[in-house]
Amino acid sequence: MGLVFVEDYHGVVFHNALIKKLVENSFLSKDVFKKIIVKRMPSKKCNPALRSKISASVTFRKEKKVLIVIDSEGHRPEEARYMFVERHFQIPRSFDFKVAIVEPRHEAWLCIGLTGRKGTRGCRHEPEAILSRIFGRPYQKHMLGEHVHNVDLESLMGERDFKEYSQLLKWVATARK
């Protein structure tokens with residue numbers, strides 16, 4: 001089993017629904033869904049307490065692989081990966097971890113999944129504005145998990161960050177040797 005940590009409660013709902021949809025549409029095998037637990041990060045990204053809290057969670061659950069999924073917030077992926085997470089894990093640890101970066105925010109994936117490849121550019125720059133137009137009302141964070149069932153996975157699979165995320169889900173679900 002592996003743990004997937006996401007930034008907030010709405011992210012937990014979103015990722016659980018997204019993983020379920022990936023399995024239902026045969027992008028991931030059924031055993032992947034059974035071997036992953038999605039949890040809210042125990043502290044904010046870019047917080048020194050992140051390492052100790054995730055380490056405690058991993059030790060308690062005896063998991064050996066961890067995937068941390070964060071928004072890039074406009075930073076280049078490698079900058080966001082180091083700045084928000086990796087620098088807090090520089091000391092030896094008893095588990096493997098990787099970081100998946102969503103550019104710039106999770107709303108981009110929802111937006112692209114609802115508008116298709118034609119909406120990619122706008123969704124990467126102003127996803128909340130486009131989602132507000134799609135829904136006919138101001139976008140609110142809770143909508144992230146409520147609309148995953150309408151997402152077109154083929155559109156998302158064409159996106160580099162989403163493709164990397166789906167590969168990392170397979171990685172985190174495999175047993176550590």
# chains A, B, ... in the order shown; residues from 1 in each chain; ligands from 1
call {"tool": "select_by_dssp", "arguments": {"residues": "segment 32-177 of chain A", "states": "strand (DSSP E)", "output": "list of chain:residue names"}}
result
A:Ile36, A:Ile37, A:Val38, A:Lys39, A:Arg40, A:Lys65, A:Val66, A:Leu67, A:Ile68, A:Val69, A:Ile70, A:Asp71, A:Asp96, A:Phe97, A:Lys98, A:Val99, A:Ala100, A:Ile101, A:Val102
call {"tool": "residues_around", "arguments": {"residues": "Arg124 of chain A", "least_positions_apart": "4", "cutoff": "12 Å", "atoms": "only C-alpha atoms", "output": "ChimeraX atom specification"}}
result
/A:71-74,102-113,115,117-120,128-131,159,161
call {"tool": "closest_residue", "arguments": {"among": "A:Leu22, A:Ile68, A:Asp8, A:Ser52", "to": "Arg40 of chain A", "atoms": "only C-alpha atoms"}}
result
A:Asp8
call {"tool": "residues_around", "arguments": {"residues": "Lys53 of chain A", "least_positions_apart": "4", "cutoff": "7 Å", "atoms": "only C-alpha atoms", "output": "PyMOL selection string"}}
result
chain A and resi 42+49+57
call {"tool": "residues_around", "arguments": {"residues": "Ile54 of chain A", "least_positions_apart": "3", "cutoff": "10 Å", "atoms": "only C-alpha atoms", "output": "short mmCIF file (atom, residue, chain, number, x, y, z; two decimals) with N, CA, C and O atoms, in the first residue's frame"}}
result
data_model
loop_
_atom_site.label_atom_id
_atom_site.label_comp_id
_atom_site.auth_asym_id
_atom_site.auth_seq_id
_atom_site.Cartn_x
_atom_site.Cartn_y
_atom_site.Cartn_z
N LEU A 3 0.70 5.72 0.26
CA LEU A 3 -0.06 6.89 0.68
C LEU A 3 0.09 8.00 -0.35
O LEU A 3 1.18 8.24 -0.85
N PHE A 5 -0.61 12.00 -0.46
CA PHE A 5 -0.97 13.19 0.33
C PHE A 5 -1.30 14.33 -0.62
O PHE A 5 -0.55 14.60 -1.56
N MET A 41 -2.62 16.40 3.46
CA MET A 41 -1.29 16.63 4.05
C MET A 41 -1.46 17.10 5.48
O MET A 41 -2.33 17.93 5.77
N PRO A 42 -0.62 16.60 6.38
CA PRO A 42 -0.76 16.94 7.79
C PRO A 42 -0.30 18.36 8.14
O PRO A 42 -0.48 18.80 9.28
N SER A 43 0.31 19.05 7.21
CA SER A 43 0.66 20.46 7.41
C SER A 43 0.71 21.12 6.03
O SER A 43 0.67 20.43 5.02
N ALA A 49 7.48 21.25 9.37
CA ALA A 49 6.80 20.17 10.09
C ALA A 49 6.28 19.08 9.15
O ALA A 49 5.94 17.98 9.59
N LEU A 50 6.27 19.37 7.87
CA LEU A 50 5.76 18.42 6.89
C LEU A 50 6.49 17.08 6.99
O LEU A 50 5.88 16.02 7.02
N ARG A 51 7.82 17.12 7.07
CA ARG A 51 8.61 15.89 7.13
C ARG A 51 8.26 15.05 8.35
O ARG A 51 7.98 13.86 8.24
N SER A 57 3.09 9.56 10.09
CA SER A 57 1.97 8.89 9.44
C SER A 57 2.40 7.62 8.74
O SER A 57 1.76 6.59 8.82
N VAL A 58 3.54 7.70 8.05
CA VAL A 58 4.08 6.55 7.33
C VAL A 58 4.46 5.45 8.32
O VAL A 58 4.15 4.28 8.11
N THR A 59 5.13 5.81 9.39
CA THR A 59 5.56 4.84 10.40
C THR A 59 4.35 4.16 11.04
O THR A 59 4.31 2.95 11.21
N PHE A 60 3.35 4.95 11.37
CA PHE A 60 2.14 4.43 12.00
C PHE A 60 1.44 3.42 11.09
O PHE A 60 1.00 2.38 11.51
N VAL A 66 5.32 7.02 -0.66
CA VAL A 66 4.47 8.20 -0.47
C VAL A 66 4.52 9.05 -1.73
O VAL A 66 5.59 9.31 -2.27
N ILE A 68 3.27 12.81 -2.90
CA ILE A 68 2.76 14.09 -2.44
C ILE A 68 2.36 14.88 -3.68
O ILE A 68 3.17 15.05 -4.59
#
call {"tool": "closest_residue", "arguments": {"among": "A:Val32, A:Ala173, A:Leu156, A:Val148", "to": "His10 of chain A", "atoms": "only C-alpha atoms"}}
result
A:Val148
call {"tool": "closest_residue", "arguments": {"among": "A:Phe27, A:Phe84, A:Phe135, A:Phe97", "to": "Trp171 of chain A", "atoms": "only C-alpha atoms"}}
result
A:Phe97
call {"tool": "residues_around", "arguments": {"residues": "Lys39 of chain A", "least_positions_apart": "6", "cutoff": "7 Å", "atoms": "only C-alpha atoms", "output": "JSON, numbers by chain"}}
result
{"A": [4, 5, 6, 12]}
call {"tool": "closest_residue", "arguments": {"among": "A:Leu28, A:Val38, A:Val172, A:Cys123", "to": "His15 of chain A", "atoms": "only C-alpha atoms"}}
result
A:Val38
call {"tool": "closest_residue", "arguments": {"among": "A:Leu168, A:Val99, A:Val151, A:Val13", "to": "Asn25 of chain A", "atoms": "only C-alpha atoms"}}
result
A:Val151
call {"tool": "closest_residue", "arguments": {"among": "A:Pro48, A:Gly2, A:Gly122, A:Pro138", "to": "Lys62 of chain A", "atoms": "only C-alpha atoms"}}
result
A:Gly2
call {"tool": "select_by_dssp", "arguments": {"residues": "chain A", "states": "alpha helix (DSSP H)", "output": "PyMOL selection string"}}
result
chain A and resi 9-24+30-34+49-61+77-80+106-115+120-125+127-135+143-146+153-157+160-173
call {"tool": "residues_around", "arguments": {"residues": "Asp31 of chain A", "least_positions_apart": "5", "cutoff": "10 Å", "atoms": "only C-alpha atoms", "output": "list in words"}}
result
Val23, Ile36, Lys170, Ala173 and Thr174 of chain A
call {"tool": "write_last_selection", "arguments": {"atoms": "N, CA, C and O atoms", "output": "mmCIF file, in the first residue's frame"}}
result
data_model
loop_
_atom_site.group_PDB
_atom_site.id
_atom_site.type_symbol
_atom_site.label_atom_id
_atom_site.label_comp_id
_atom_site.auth_asym_id
_atom_site.auth_seq_id
_atom_site.Cartn_x
_atom_site.Cartn_y
_atom_site.Cartn_z
ATOM 1 N N VAL A 23 -9.567 4.089 -12.899
ATOM 2 C CA VAL A 23 -9.728 2.636 -12.836
ATOM 3 C C VAL A 23 -10.926 2.200 -13.675
ATOM 4 O O VAL A 23 -10.830 1.268 -14.484
ATOM 5 N N ILE A 36 -3.977 2.180 -2.678
ATOM 6 C CA ILE A 36 -3.662 3.596 -2.435
ATOM 7 C C ILE A 36 -4.628 4.167 -1.417
ATOM 8 O O ILE A 36 -5.825 3.940 -1.488
ATOM 9 N N LYS A 170 0.744 4.547 -10.218
ATOM 10 C CA LYS A 170 1.161 3.143 -10.397
ATOM 11 C C LYS A 170 2.368 2.833 -9.523
ATOM 12 O O LYS A 170 2.444 1.772 -8.900
ATOM 13 N N ALA A 173 1.540 2.493 -5.781
ATOM 14 C CA ALA A 173 0.728 1.300 -5.483
ATOM 15 C C ALA A 173 1.545 0.016 -5.487
ATOM 16 O O ALA A 173 1.059 -1.022 -5.021
ATOM 17 N N THR A 174 2.775 0.062 -6.002
ATOM 18 C CA THR A 174 3.580 -1.146 -6.040
ATOM 19 C C THR A 174 4.326 -1.341 -4.721
ATOM 20 O O THR A 174 4.738 -0.371 -4.082
#
call {"tool": "atom_distance", "arguments": {"atom1": "atom CA of Phe33 of chain A", "atom2": "atom CA of Leu169 of chain A"}}
result
9.0 Å
